[in-house]
Structures are given as structure tokens and as C-alpha cells.
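Next up, model11.cif (mmCIF, N, CA and C atoms):
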```cif
data_run
loop_
_atom_site.group_PDB
_atom_site.id
_atom_site.type_symbol
_atom_site.label_atom_id
_atom_site.label_comp_id
_atom_site.auth_asym_id
_atom_site.auth_seq_id
_atom_site.Cartn_x
_atom_site.Cartn_y
_atom_site.Cartn_z
ATOM 1 N N MET A 42 -2.808 -66.023 -25.462
ATOM 2 C CA MET A 42 -3.570 -64.835 -25.702
ATOM 3 C C MET A 42 -3.336 -63.799 -24.595
ATOM 4 N N LYS A 43 -3.180 -64.292 -23.379
ATOM 5 C CA LYS A 43 -2.954 -63.412 -22.251
ATOM 6 C C LYS A 43 -1.654 -62.637 -22.420
ATOM 7 N N TYR A 44 -0.616 -63.311 -22.868
ATOM 8 C CA TYR A 44 0.684 -62.656 -23.037
ATOM 9 C C TYR A 44 0.689 -61.725 -24.237
ATOM 10 N N PHE A 45 -0.092 -62.057 -25.240
ATOM 11 C CA PHE A 45 -0.169 -61.215 -26.427
ATOM 12 C C PHE A 45 -0.793 -59.857 -26.094
ATOM 13 N N SER A 46 -1.817 -59.831 -25.297
ATOM 14 C CA SER A 46 -2.447 -58.552 -24.924
ATOM 15 C C SER A 46 -1.518 -57.732 -24.031
ATOM 16 N N GLN A 47 -0.723 -58.395 -23.179
ATOM 17 C CA GLN A 47 0.253 -57.677 -22.363
ATOM 18 C C GLN A 47 1.369 -57.109 -23.249
ATOM 19 N N PHE A 48 1.766 -57.870 -24.259
ATOM 20 C CA PHE A 48 2.791 -57.400 -25.191
ATOM 21 C C PHE A 48 2.298 -56.185 -25.972
ATOM 22 N N ILE A 49 1.070 -56.216 -26.427
ATOM 23 C CA ILE A 49 0.486 -55.083 -27.157
ATOM 24 C C ILE A 49 0.405 -53.863 -26.247
ATOM 25 N N LEU A 50 0.018 -54.053 -25.010
ATOM 26 C CA LEU A 50 -0.066 -52.955 -24.050
ATOM 27 C C LEU A 50 1.317 -52.376 -23.772
ATOM 28 N N LEU A 51 2.308 -53.250 -23.642
ATOM 29 C CA LEU A 51 3.685 -52.800 -23.413
ATOM 30 C C LEU A 51 4.207 -52.047 -24.639
ATOM 31 N N ALA A 52 3.942 -52.567 -25.847
ATOM 32 C CA ALA A 52 4.372 -51.891 -27.070
ATOM 33 C C ALA A 52 3.708 -50.520 -27.194
ATOM 34 N N PHE A 53 2.434 -50.436 -26.842
ATOM 35 C CA PHE A 53 1.734 -49.158 -26.886
ATOM 36 C C PHE A 53 2.336 -48.166 -25.881
ATOM 37 N N ALA A 54 2.663 -48.635 -24.693
ATOM 38 C CA ALA A 54 3.260 -47.775 -23.667
ATOM 39 C C ALA A 54 4.630 -47.265 -24.119
ATOM 40 N N VAL A 55 5.422 -48.142 -24.734
ATOM 41 C CA VAL A 55 6.744 -47.735 -25.243
ATOM 42 C C VAL A 55 6.582 -46.719 -26.366
ATOM 43 N N ALA A 56 5.618 -46.925 -27.263
ATOM 44 C CA ALA A 56 5.387 -45.990 -28.368
ATOM 45 C C ALA A 56 4.969 -44.618 -27.833
ATOM 46 N N VAL A 57 4.109 -44.604 -26.824
ATOM 47 C CA VAL A 57 3.695 -43.328 -26.226
ATOM 48 C C VAL A 57 4.885 -42.651 -25.558
ATOM 49 N N LEU A 58 5.695 -43.405 -24.851
ATOM 50 C CA LEU A 58 6.875 -42.856 -24.200
ATOM 51 C C LEU A 58 7.851 -42.279 -25.222
ATOM 52 N N LEU A 59 8.080 -42.997 -26.310
ATOM 53 C CA LEU A 59 8.971 -42.492 -27.359
ATOM 54 C C LEU A 59 8.405 -41.224 -28.008
ATOM 55 N N GLY A 60 7.113 -41.201 -28.214
ATOM 56 C CA GLY A 60 6.485 -40.004 -28.779
ATOM 57 C C GLY A 60 6.632 -38.796 -27.871
ATOM 58 N N LEU A 61 6.451 -39.011 -26.588
ATOM 59 C CA LEU A 61 6.607 -37.915 -25.637
ATOM 60 C C LEU A 61 8.057 -37.447 -25.547
ATOM 61 N N GLN A 62 8.993 -38.389 -25.596
ATOM 62 C CA GLN A 62 10.407 -38.021 -25.568
ATOM 63 C C GLN A 62 10.801 -37.215 -26.816
ATOM 64 N N TYR A 63 10.273 -37.649 -27.971
ATOM 65 C CA TYR A 63 10.549 -36.921 -29.205
ATOM 66 C C TYR A 63 10.013 -35.496 -29.094
ATOM 67 N N GLN A 64 8.806 -35.365 -28.584
ATOM 68 C CA GLN A 64 8.198 -34.030 -28.426
ATOM 69 C C GLN A 64 9.024 -33.191 -27.452
ATOM 70 N N HIS A 65 9.521 -33.811 -26.398
ATOM 71 C CA HIS A 65 10.302 -33.087 -25.397
ATOM 72 C C HIS A 65 11.612 -32.578 -25.985
ATOM 73 N N TRP A 66 12.302 -33.376 -26.761
ATOM 74 C CA TRP A 66 13.623 -32.999 -27.253
ATOM 75 C C TRP A 66 13.576 -32.221 -28.563
ATOM 76 N N PHE A 67 12.741 -32.639 -29.503
ATOM 77 C CA PHE A 67 12.793 -32.081 -30.855
ATOM 78 C C PHE A 67 11.557 -31.289 -31.257
ATOM 79 N N GLY A 68 10.493 -31.358 -30.510
ATOM 80 C CA GLY A 68 9.240 -30.714 -30.912
ATOM 81 C C GLY A 68 9.273 -29.201 -30.759
ATOM 82 N N GLU A 69 8.156 -28.581 -31.121
ATOM 83 C CA GLU A 69 8.036 -27.139 -30.971
ATOM 84 C C GLU A 69 8.144 -26.804 -29.487
ATOM 85 N N ASN A 70 8.959 -25.826 -29.160
ATOM 86 C CA ASN A 70 9.272 -25.450 -27.776
ATOM 87 C C ASN A 70 9.912 -26.603 -27.013
ATOM 88 N N GLY A 71 10.682 -27.415 -27.717
ATOM 89 C CA GLY A 71 11.373 -28.533 -27.087
ATOM 90 C C GLY A 71 12.654 -28.091 -26.393
ATOM 91 N N ARG A 72 13.384 -29.061 -25.935
ATOM 92 C CA ARG A 72 14.591 -28.795 -25.146
ATOM 93 C C ARG A 72 15.670 -28.076 -25.951
ATOM 94 N N PHE A 73 15.902 -28.471 -27.197
ATOM 95 C CA PHE A 73 16.939 -27.835 -28.004
ATOM 96 C C PHE A 73 16.578 -26.389 -28.310
ATOM 97 N N GLU A 74 15.316 -26.140 -28.603
ATOM 98 C CA GLU A 74 14.883 -24.764 -28.854
ATOM 99 C C GLU A 74 14.996 -23.934 -27.575
ATOM 100 N N HIS A 75 14.706 -24.548 -26.445
ATOM 101 C CA HIS A 75 14.833 -23.867 -25.157
ATOM 102 C C HIS A 75 16.284 -23.457 -24.908
ATOM 103 N N ASN A 76 17.226 -24.358 -25.172
ATOM 104 C CA ASN A 76 18.641 -24.040 -24.990
ATOM 105 C C ASN A 76 19.088 -22.933 -25.940
ATOM 106 N N ALA A 77 18.590 -22.953 -27.173
ATOM 107 C CA ALA A 77 18.929 -21.894 -28.128
ATOM 108 C C ALA A 77 18.390 -20.547 -27.647
ATOM 109 N N LEU A 78 17.190 -20.539 -27.107
ATOM 110 C CA LEU A 78 16.625 -19.293 -26.577
ATOM 111 C C LEU A 78 17.405 -18.784 -25.371
ATOM 112 N N LEU A 79 17.869 -19.684 -24.520
ATOM 113 C CA LEU A 79 18.693 -19.268 -23.384
ATOM 114 C C LEU A 79 19.996 -18.639 -23.851
ATOM 115 N N ALA A 80 20.597 -19.192 -24.902
ATOM 116 C CA ALA A 80 21.820 -18.604 -25.454
ATOM 117 C C ALA A 80 21.544 -17.216 -26.024
ATOM 118 N N GLN A 81 20.406 -17.049 -26.694
ATOM 119 C CA GLN A 81 20.048 -15.730 -27.218
ATOM 120 C C GLN A 81 19.810 -14.733 -26.084
ATOM 121 N N ILE A 82 19.206 -15.194 -25.013
ATOM 122 C CA ILE A 82 18.964 -14.313 -23.866
ATOM 123 C C ILE A 82 20.283 -13.863 -23.259
ATOM 124 N N ASP A 83 21.227 -14.789 -23.105
ATOM 125 C CA ASP A 83 22.536 -14.429 -22.559
ATOM 126 C C ASP A 83 23.240 -13.417 -23.454
ATOM 127 N N ASN A 84 23.180 -13.635 -24.778
ATOM 128 C CA ASN A 84 23.808 -12.716 -25.719
ATOM 129 C C ASN A 84 23.173 -11.329 -25.628
ATOM 130 N N GLN A 85 21.850 -11.266 -25.575
ATOM 131 C CA GLN A 85 21.165 -9.976 -25.478
ATOM 132 C C GLN A 85 21.460 -9.299 -24.151
ATOM 133 N N GLN A 86 21.557 -10.062 -23.071
ATOM 134 C CA GLN A 86 21.872 -9.475 -21.768
ATOM 135 C C GLN A 86 23.262 -8.861 -21.783
ATOM 136 N N GLN A 87 24.210 -9.520 -22.430
ATOM 137 C CA GLN A 87 25.565 -8.968 -22.536
ATOM 138 C C GLN A 87 25.561 -7.681 -23.356
ATOM 139 N N ARG A 88 24.804 -7.671 -24.457
ATOM 140 C CA ARG A 88 24.702 -6.461 -25.269
ATOM 141 C C ARG A 88 24.036 -5.339 -24.479
ATOM 142 N N ASN A 89 23.016 -5.671 -23.680
ATOM 143 C CA ASN A 89 22.355 -4.665 -22.841
ATOM 144 C C ASN A 89 23.309 -4.088 -21.804
ATOM 145 N N ASP A 90 24.126 -4.954 -21.193
ATOM 146 C CA ASP A 90 25.095 -4.484 -20.203
ATOM 147 C C ASP A 90 26.117 -3.551 -20.841
ATOM 148 N N ASN A 91 26.583 -3.900 -22.045
ATOM 149 C CA ASN A 91 27.534 -3.033 -22.742
ATOM 150 C C ASN A 91 26.905 -1.686 -23.069
ATOM 151 N N GLN A 92 25.662 -1.698 -23.507
ATOM 152 C CA GLN A 92 24.975 -0.452 -23.840
ATOM 153 C C GLN A 92 24.713 0.382 -22.587
ATOM 154 N N ALA A 93 24.410 -0.277 -21.481
ATOM 155 C CA ALA A 93 24.201 0.455 -20.226
ATOM 156 C C ALA A 93 25.493 1.141 -19.783
ATOM 157 N N ALA A 94 26.627 0.470 -19.957
ATOM 158 C CA ALA A 94 27.908 1.086 -19.616
ATOM 159 C C ALA A 94 28.185 2.291 -20.507
ATOM 160 N N ALA A 95 27.890 2.164 -21.801
ATOM 161 C CA ALA A 95 28.079 3.300 -22.709
ATOM 162 C C ALA A 95 27.149 4.447 -22.337
ATOM 163 N N ASN A 96 25.925 4.133 -21.953
ATOM 164 C CA ASN A 96 24.977 5.171 -21.530
ATOM 165 C C ASN A 96 25.446 5.871 -20.264
ATOM 166 N N ASP A 97 25.998 5.120 -19.326
ATOM 167 C CA ASP A 97 26.528 5.729 -18.103
ATOM 168 C C ASP A 97 27.675 6.677 -18.421
ATOM 169 N N LEU A 98 28.537 6.294 -19.350
ATOM 170 C CA LEU A 98 29.649 7.150 -19.755
ATOM 171 C C LEU A 98 29.127 8.442 -20.381
ATOM 172 N N LEU A 99 28.135 8.334 -21.251
ATOM 173 C CA LEU A 99 27.543 9.527 -21.857
ATOM 174 C C LEU A 99 26.841 10.397 -20.821
ATOM 175 N N ARG A 100 26.155 9.762 -19.884
ATOM 176 C CA ARG A 100 25.469 10.510 -18.826
ATOM 177 C C ARG A 100 26.478 11.286 -17.978
ATOM 178 N N THR A 101 27.600 10.667 -17.667
ATOM 179 C CA THR A 101 28.652 11.333 -16.905
ATOM 180 C C THR A 101 29.239 12.492 -17.694
ATOM 181 N N ASP A 102 29.450 12.290 -18.989
ATOM 182 C CA ASP A 102 29.993 13.336 -19.843
ATOM 183 C C ASP A 102 29.036 14.529 -19.910
ATOM 184 N N VAL A 103 27.744 14.270 -20.040
ATOM 185 C CA VAL A 103 26.748 15.346 -20.082
ATOM 186 C C VAL A 103 26.738 16.097 -18.752
ATOM 187 N N TYR A 104 26.809 15.373 -17.663
ATOM 188 C CA TYR A 104 26.840 16.024 -16.347
ATOM 189 C C TYR A 104 28.060 16.930 -16.217
ATOM 190 N N ASP A 105 29.233 16.438 -16.641
ATOM 191 C CA ASP A 105 30.446 17.250 -16.578
ATOM 192 C C ASP A 105 30.330 18.493 -17.448
ATOM 193 N N LEU A 106 29.754 18.351 -18.628
ATOM 194 C CA LEU A 106 29.605 19.504 -19.516
ATOM 195 C C LEU A 106 28.639 20.535 -18.938
ATOM 196 N N LYS A 107 27.611 20.091 -18.248
ATOM 197 C CA LYS A 107 26.643 21.021 -17.673
ATOM 198 C C LYS A 107 27.174 21.712 -16.418
ATOM 199 N N ASN A 108 28.008 21.030 -15.636
ATOM 200 C CA ASN A 108 28.382 21.542 -14.323
ATOM 201 C C ASN A 108 29.834 21.980 -14.184
ATOM 202 N N GLY A 109 30.703 21.632 -15.089
ATOM 203 C CA GLY A 109 32.107 21.978 -14.901
ATOM 204 C C GLY A 109 32.710 22.613 -16.137
ATOM 205 N N LEU A 110 33.587 23.585 -15.908
ATOM 206 C CA LEU A 110 34.241 24.246 -17.028
ATOM 207 C C LEU A 110 35.426 23.446 -17.563
ATOM 208 N N GLU A 111 35.972 22.544 -16.748
ATOM 209 C CA GLU A 111 37.132 21.763 -17.188
ATOM 210 C C GLU A 111 36.767 20.868 -18.377
ATOM 211 N N ALA A 112 35.603 20.264 -18.325
ATOM 212 C CA ALA A 112 35.183 19.384 -19.418
ATOM 213 C C ALA A 112 34.931 20.175 -20.689
ATOM 214 N N VAL A 113 34.355 21.381 -20.542
ATOM 215 C CA VAL A 113 34.116 22.221 -21.713
ATOM 216 C C VAL A 113 35.445 22.624 -22.341
ATOM 217 N N GLU A 114 36.395 23.009 -21.496
ATOM 218 C CA GLU A 114 37.710 23.397 -22.016
ATOM 219 C C GLU A 114 38.413 22.217 -22.680
ATOM 220 N N GLU A 115 38.298 21.036 -22.086
ATOM 221 C CA GLU A 115 38.928 19.849 -22.679
ATOM 222 C C GLU A 115 38.347 19.547 -24.052
ATOM 223 N N HIS A 116 37.016 19.619 -24.170
ATOM 224 C CA HIS A 116 36.390 19.387 -25.470
ATOM 225 C C HIS A 116 36.791 20.463 -26.473
ATOM 226 N N ALA A 117 36.883 21.698 -26.023
ATOM 227 C CA ALA A 117 37.298 22.771 -26.931
ATOM 228 C C ALA A 117 38.726 22.565 -27.403
ATOM 229 N N ARG A 118 39.595 22.109 -26.530
ATOM 230 C CA ARG A 118 40.990 21.860 -26.928
ATOM 231 C C ARG A 118 41.102 20.686 -27.900
ATOM 232 N N LEU A 119 40.408 19.604 -27.581
ATOM 233 C CA LEU A 119 40.542 18.404 -28.410
ATOM 234 C C LEU A 119 39.778 18.517 -29.725
ATOM 235 N N ASP A 120 38.549 19.012 -29.679
ATOM 236 C CA ASP A 120 37.694 18.998 -30.862
ATOM 237 C C ASP A 120 37.818 20.256 -31.710
ATOM 238 N N LEU A 121 38.042 21.394 -31.064
ATOM 239 C CA LEU A 121 38.030 22.656 -31.799
ATOM 240 C C LEU A 121 39.406 23.309 -31.906
ATOM 241 N N GLY A 122 40.405 22.749 -31.245
ATOM 242 C CA GLY A 122 41.759 23.292 -31.346
ATOM 243 C C GLY A 122 41.962 24.563 -30.547
ATOM 244 N N LEU A 123 41.355 24.673 -29.363
ATOM 245 C CA LEU A 123 41.486 25.860 -28.523
ATOM 246 C C LEU A 123 42.936 26.061 -28.104
ATOM 247 N N ILE A 124 43.401 27.297 -28.264
ATOM 248 C CA ILE A 124 44.720 27.691 -27.772
ATOM 249 C C ILE A 124 44.512 28.966 -26.966
ATOM 250 N N LYS A 125 44.899 28.945 -25.707
ATOM 251 C CA LYS A 125 44.730 30.106 -24.842
ATOM 252 C C LYS A 125 45.805 31.146 -25.160
ATOM 253 N N PRO A 126 45.553 32.360 -24.789
ATOM 254 C CA PRO A 126 46.594 33.387 -24.969
ATOM 255 C C PRO A 126 47.850 33.016 -24.188
ATOM 256 N N ASN A 127 48.994 33.346 -24.745
ATOM 257 C CA ASN A 127 50.325 33.082 -24.160
ATOM 258 C C ASN A 127 50.641 31.588 -24.097
ATOM 259 N N GLU A 128 49.981 30.762 -24.888
ATOM 260 C CA GLU A 128 50.322 29.341 -25.011
ATOM 261 C C GLU A 128 50.986 29.115 -26.354
ATOM 262 N N THR A 129 51.849 28.142 -26.416
ATOM 263 C CA THR A 129 52.519 27.789 -27.660
ATOM 264 C C THR A 129 51.929 26.487 -28.167
ATOM 265 N N PHE A 130 51.537 26.500 -29.438
ATOM 266 C CA PHE A 130 50.952 25.313 -30.052
ATOM 267 C C PHE A 130 52.063 24.483 -30.677
ATOM 268 N N VAL A 131 52.141 23.219 -30.306
ATOM 269 C CA VAL A 131 53.134 22.297 -30.857
ATOM 270 C C VAL A 131 52.381 21.113 -31.427
ATOM 271 N N GLN A 132 52.668 20.795 -32.695
ATOM 272 C CA GLN A 132 52.019 19.649 -33.332
ATOM 273 C C GLN A 132 53.081 18.608 -33.631
ATOM 274 N N VAL A 133 52.852 17.378 -33.178
ATOM 275 C CA VAL A 133 53.780 16.284 -33.392
ATOM 276 C C VAL A 133 53.200 15.373 -34.466
ATOM 277 N N SER A 134 53.996 15.117 -35.468
ATOM 278 C CA SER A 134 53.542 14.256 -36.556
ATOM 279 C C SER A 134 53.822 12.806 -36.227
ATOM 280 N N THR A 135 52.854 11.959 -36.503
ATOM 281 C CA THR A 135 53.044 10.526 -36.284
ATOM 282 C C THR A 135 53.206 9.793 -37.606
ATOM 283 N N ALA A 136 53.398 10.545 -38.691
ATOM 284 C CA ALA A 136 53.579 9.920 -40.005
ATOM 285 C C ALA A 136 54.939 9.236 -40.051
ATOM 286 N N PRO A 137 55.045 8.115 -40.758
ATOM 287 C CA PRO A 137 56.337 7.432 -40.850
ATOM 288 C C PRO A 137 57.341 8.272 -41.651
ATOM 289 N N ILE A 138 58.563 8.195 -41.236
ATOM 290 C CA ILE A 138 59.630 8.941 -41.912
ATOM 291 C C ILE A 138 60.149 8.098 -43.061
ATOM 292 N N THR A 139 60.199 8.694 -44.235
ATOM 293 C CA THR A 139 60.753 8.003 -45.397
ATOM 294 C C THR A 139 61.986 8.781 -45.866
ATOM 295 N N HIS A 140 63.024 8.052 -46.163
ATOM 296 C CA HIS A 140 64.262 8.664 -46.636
ATOM 297 C C HIS A 140 64.422 8.295 -48.113
ATOM 298 N N SER A 141 64.763 9.282 -48.890
ATOM 299 C CA SER A 141 65.044 9.011 -50.286
ATOM 300 C C SER A 141 66.488 9.360 -50.580
ATOM 301 N N ARG A 142 67.133 8.583 -51.428
ATOM 302 C CA ARG A 142 68.538 8.821 -51.794
ATOM 303 C C ARG A 142 68.578 9.698 -53.029
ATOM 304 N N ARG A 143 69.285 10.820 -52.916
ATOM 305 C CA ARG A 143 69.463 11.723 -54.055
ATOM 306 C C ARG A 143 70.892 12.108 -54.200
#
```
How would this structure read if it were set down as C-alpha cells?
Amino acid sequence: MKYFSQFILLAFAVAVLLGLQYQHWFGENGRFEHNALLAQIDNQQQRNDNQAAANDLLRTDVYDLKNGLEAVEEHARLDLGLIKPNETFVQVSTAPITHSRR
């Protein structure tokens, strides 16, 4: 009888330990969910860093447009086709050349 009560106590302790381990690994807010959340945090941090770099580029562009005429002229040339007096406009085609036999 003495050994039987010790066996029951040991079985109960093992069952509690297994239950706690299950909760730790698979339960709500368990280890696997924690690792998944860490991966999501890393992904979001990378996206935030990329967006911060894009914002810095835009901030620099706005500063150049407000304070310098070179940036305004560059945008006018690229976006609006600015040609200054006494300049020659040359357009280079990048279309593929096709030859037909006639």
C-alpha cells in the first residue's frame, strides 16, 4: 500500500508536468506562437526600415526642391521636357530594330 500511494503521487506529478509542458509549447501564448510573433516583428521592422529609407529620400528631394534651382531644373528636364534656348534636343530610340525583306 505504501508503494501504491507513492506510485499514484509520482503519476500525478508526471501528469502535471506533461500538462505544463503542453501549455508551454502548444497552448495559447505558447512557445511556437511566441516564435511566430518574433518572426512577424522582424518582418515588420524590415518593412519599417525600408519605408524610413524611402521617407529620407523624399525628405531630401523636398529639401533640394525648396532650396536649390538645380533640382528644379532637373525635374523640369526629365518630367516636363525643358529645353533651354540655344540647346539642341536629341532623342535616342531604344526600340528594337526590325528588318524586313522587300
Item to check | alpha helix (DSSP H) per DSSP on the backbone: members of chain A, as an MDAnalysis selection string | outcome: chainID A and resid 43:67 72:108 110:121
Item to check | Length of the atom CA of Leu58 of chain A to atom CA of Ser46 of chain A vector [Å] | outcome: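 Atom CA of Ser46 of chain A lies 18.3 Å from atom CA of Leu58 of chain A.
The gap separating atom CA of Asp102 of chain A from atom N of Glu114 of chain A is 11.7 Å, in Å to one decimal.
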Any chance you could tabulate, as JSON lines, the residues of segment 69-130 of chain A at most 12 Å from segment 59-64 of chain A with each one's nearest atom pair and distance in Å to one decimal, using only C-alpha atoms, in chain and rising number order?
```
{"residue": "A:Glu69", "atom": "CA", "partner": "A:Gln64", "partner_atom": "CA", "distance": 7.3}
{"residue": "A:Asn70", "atom": "CA", "partner": "A:Gln64", "partner_atom": "CA", "distance": 8.7}
{"residue": "A:Gly71", "atom": "CA", "partner": "A:Gln64", "partner_atom": "CA", "distance": 6.5}
{"residue": "A:Arg72", "atom": "CA", "partner": "A:Gln64", "partner_atom": "CA", "distance": 8.9}
{"residue": "A:Phe73", "atom": "CA", "partner": "A:Gln64", "partner_atom": "CA", "distance": 10.7}
{"residue": "A:Glu74", "atom": "CA", "partner": "A:Gln64", "partner_atom": "CA", "distance": 11.4}
```
Checklist entry - So how far away is atom C of Leu121 of chain A from atom CA of Val133 of chain A, in Å? => result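 Atom-to-atom, atom CA of Val133 of chain A and atom C of Leu121 of chain A are spaced 16.1 Å apart.
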Around all listed atoms of segment 70-85 of chain A, padded 6 Å per side, what centre and edge lengths does the axis-aligned box have in Å to one decimal, as AutoDock Vina command-line options?
```
--center_x 16.4 --center_y -19.2 --center_z -25.9 --size_x 26.8 --size_y 31.8 --size_z 18.6
```
Written record: segment 61-70 of chain A, all heavy atoms, as a PDB file, in the first residue's frame:
```pdb
ATOM      1  N   LEU A  61       1.832  20.979 -18.017  1.00  0.00           N
ATOM      2  CA  LEU A  61       2.523  22.263 -18.062  1.00  0.00           C
ATOM      3  C   LEU A  61       3.406  22.387 -19.301  1.00  0.00           C
ATOM      4  O   LEU A  61       3.494  23.455 -19.916  1.00  0.00           O
ATOM      5  CB  LEU A  61       3.352  22.466 -16.791  1.00  0.00           C
ATOM      6  CG  LEU A  61       2.555  22.697 -15.510  1.00  0.00           C
ATOM      7  CD1 LEU A  61       3.486  22.736 -14.304  1.00  0.00           C
ATOM      8  CD2 LEU A  61       1.749  23.984 -15.612  1.00  0.00           C
ATOM      9  N   GLN A  62       4.061  21.294 -19.680  1.00  0.00           N
ATOM     10  CA  GLN A  62       4.886  21.313 -20.886  1.00  0.00           C
ATOM     11  C   GLN A  62       4.034  21.540 -22.144  1.00  0.00           C
ATOM     12  O   GLN A  62       4.413  22.288 -23.029  1.00  0.00           O
ATOM     13  CB  GLN A  62       5.690  20.014 -21.023  1.00  0.00           C
ATOM     14  CG  GLN A  62       6.875  19.935 -20.105  1.00  0.00           C
ATOM     15  CD  GLN A  62       7.907  20.988 -20.448  1.00  0.00           C
ATOM     16  OE1 GLN A  62       8.269  21.166 -21.608  1.00  0.00           O
ATOM     17  NE2 GLN A  62       8.375  21.699 -19.444  1.00  0.00           N
ATOM     18  N   TYR A  63       2.868  20.878 -22.176  1.00  0.00           N
ATOM     19  CA  TYR A  63       1.966  21.064 -23.308  1.00  0.00           C
ATOM     20  C   TYR A  63       1.535  22.527 -23.388  1.00  0.00           C
ATOM     21  O   TYR A  63       1.521  23.125 -24.462  1.00  0.00           O
ATOM     22  CB  TYR A  63       0.736  20.154 -23.183  1.00  0.00           C
ATOM     23  CG  TYR A  63      -0.243  20.353 -24.316  1.00  0.00           C
ATOM     24  CD1 TYR A  63      -0.040  19.725 -25.533  1.00  0.00           C
ATOM     25  CD2 TYR A  63      -1.345  21.189 -24.166  1.00  0.00           C
ATOM     26  CE1 TYR A  63      -0.923  19.911 -26.584  1.00  0.00           C
ATOM     27  CE2 TYR A  63      -2.230  21.391 -25.201  1.00  0.00           C
ATOM     28  CZ  TYR A  63      -2.020  20.744 -26.415  1.00  0.00           C
ATOM     29  OH  TYR A  63      -2.882  20.943 -27.454  1.00  0.00           O
ATOM     30  N   GLN A  64       1.188  23.096 -22.251  1.00  0.00           N
ATOM     31  CA  GLN A  64       0.764  24.508 -22.217  1.00  0.00           C
ATOM     32  C   GLN A  64       1.913  25.411 -22.663  1.00  0.00           C
ATOM     33  O   GLN A  64       1.692  26.391 -23.380  1.00  0.00           O
ATOM     34  CB  GLN A  64       0.294  24.869 -20.808  1.00  0.00           C
ATOM     35  CG  GLN A  64      -0.285  26.257 -20.686  1.00  0.00           C
ATOM     36  CD  GLN A  64      -1.621  26.384 -21.398  1.00  0.00           C
ATOM     37  OE1 GLN A  64      -2.276  25.411 -21.701  1.00  0.00           O
ATOM     38  NE2 GLN A  64      -1.991  27.619 -21.683  1.00  0.00           N
ATOM     39  N   HIS A  65       3.125  25.084 -22.257  1.00  0.00           N
ATOM     40  CA  HIS A  65       4.284  25.902 -22.609  1.00  0.00           C
ATOM     41  C   HIS A  65       4.544  25.867 -24.110  1.00  0.00           C
ATOM     42  O   HIS A  65       4.854  26.892 -24.719  1.00  0.00           O
ATOM     43  CB  HIS A  65       5.527  25.416 -21.853  1.00  0.00           C
ATOM     44  CG  HIS A  65       6.796  26.077 -22.285  1.00  0.00           C
ATOM     45  ND1 HIS A  65       7.086  27.385 -21.981  1.00  0.00           N
ATOM     46  CD2 HIS A  65       7.843  25.614 -23.029  1.00  0.00           C
ATOM     47  CE1 HIS A  65       8.259  27.690 -22.504  1.00  0.00           C
ATOM     48  NE2 HIS A  65       8.742  26.628 -23.145  1.00  0.00           N
ATOM     49  N   TRP A  66       4.460  24.719 -24.734  1.00  0.00           N
ATOM     50  CA  TRP A  66       4.819  24.593 -26.143  1.00  0.00           C
ATOM     51  C   TRP A  66       3.656  24.875 -27.087  1.00  0.00           C
ATOM     52  O   TRP A  66       3.837  25.524 -28.115  1.00  0.00           O
ATOM     53  CB  TRP A  66       5.375  23.206 -26.422  1.00  0.00           C
ATOM     54  CG  TRP A  66       6.713  22.995 -25.781  1.00  0.00           C
ATOM     55  CD1 TRP A  66       6.969  22.307 -24.634  1.00  0.00           C
ATOM     56  CD2 TRP A  66       7.964  23.505 -26.230  1.00  0.00           C
ATOM     57  NE1 TRP A  66       8.306  22.350 -24.342  1.00  0.00           N
ATOM     58  CE2 TRP A  66       8.945  23.080 -25.311  1.00  0.00           C
ATOM     59  CE3 TRP A  66       8.365  24.266 -27.312  1.00  0.00           C
ATOM     60  CZ2 TRP A  66      10.282  23.404 -25.455  1.00  0.00           C
ATOM     61  CZ3 TRP A  66       9.704  24.597 -27.449  1.00  0.00           C
ATOM     62  CH2 TRP A  66      10.649  24.166 -26.519  1.00  0.00           C
ATOM     63  N   PHE A  67       2.471  24.370 -26.778  1.00  0.00           N
ATOM     64  CA  PHE A  67       1.364  24.413 -27.735  1.00  0.00           C
ATOM     65  C   PHE A  67       0.194  25.287 -27.305  1.00  0.00           C
ATOM     66  O   PHE A  67      -0.697  25.557 -28.093  1.00  0.00           O
ATOM     67  CB  PHE A  67       0.827  22.997 -27.987  1.00  0.00           C
ATOM     68  CG  PHE A  67       1.881  22.053 -28.478  1.00  0.00           C
ATOM     69  CD1 PHE A  67       2.366  21.052 -27.653  1.00  0.00           C
ATOM     70  CD2 PHE A  67       2.394  22.167 -29.754  1.00  0.00           C
ATOM     71  CE1 PHE A  67       3.331  20.165 -28.093  1.00  0.00           C
ATOM     72  CE2 PHE A  67       3.366  21.301 -30.205  1.00  0.00           C
ATOM     73  CZ  PHE A  67       3.835  20.295 -29.373  1.00  0.00           C
ATOM     74  N   GLY A  68       0.148  25.720 -26.078  1.00  0.00           N
ATOM     75  CA  GLY A  68      -1.012  26.461 -25.578  1.00  0.00           C
ATOM     76  C   GLY A  68      -1.078  27.887 -26.104  1.00  0.00           C
ATOM     77  O   GLY A  68      -0.232  28.346 -26.882  1.00  0.00           O
ATOM     78  N   GLU A  69      -2.122  28.589 -25.678  1.00  0.00           N
ATOM     79  CA  GLU A  69      -2.273  29.984 -26.062  1.00  0.00           C
ATOM     80  C   GLU A  69      -1.088  30.764 -25.501  1.00  0.00           C
ATOM     81  O   GLU A  69      -0.719  30.627 -24.338  1.00  0.00           O
ATOM     82  CB  GLU A  69      -3.583  30.527 -25.487  1.00  0.00           C
ATOM     83  CG  GLU A  69      -3.880  31.940 -25.918  1.00  0.00           C
ATOM     84  CD  GLU A  69      -5.200  32.435 -25.363  1.00  0.00           C
ATOM     85  OE1 GLU A  69      -5.967  31.621 -24.806  1.00  0.00           O
ATOM     86  OE2 GLU A  69      -5.440  33.625 -25.476  1.00  0.00           O
ATOM     87  N   ASN A  70      -0.472  31.579 -26.328  1.00  0.00           N
ATOM     88  CA  ASN A  70       0.752  32.315 -25.991  1.00  0.00           C
ATOM     89  C   ASN A  70       1.895  31.370 -25.640  1.00  0.00           C
ATOM     90  O   ASN A  70       2.747  31.702 -24.819  1.00  0.00           O
ATOM     91  CB  ASN A  70       0.508  33.300 -24.841  1.00  0.00           C
ATOM     92  CG  ASN A  70      -0.515  34.344 -25.190  1.00  0.00           C
ATOM     93  OD1 ASN A  70      -0.588  34.779 -26.337  1.00  0.00           O
ATOM     94  ND2 ASN A  70      -1.320  34.732 -24.225  1.00  0.00           N
TER      95      ASN A  70
END
```
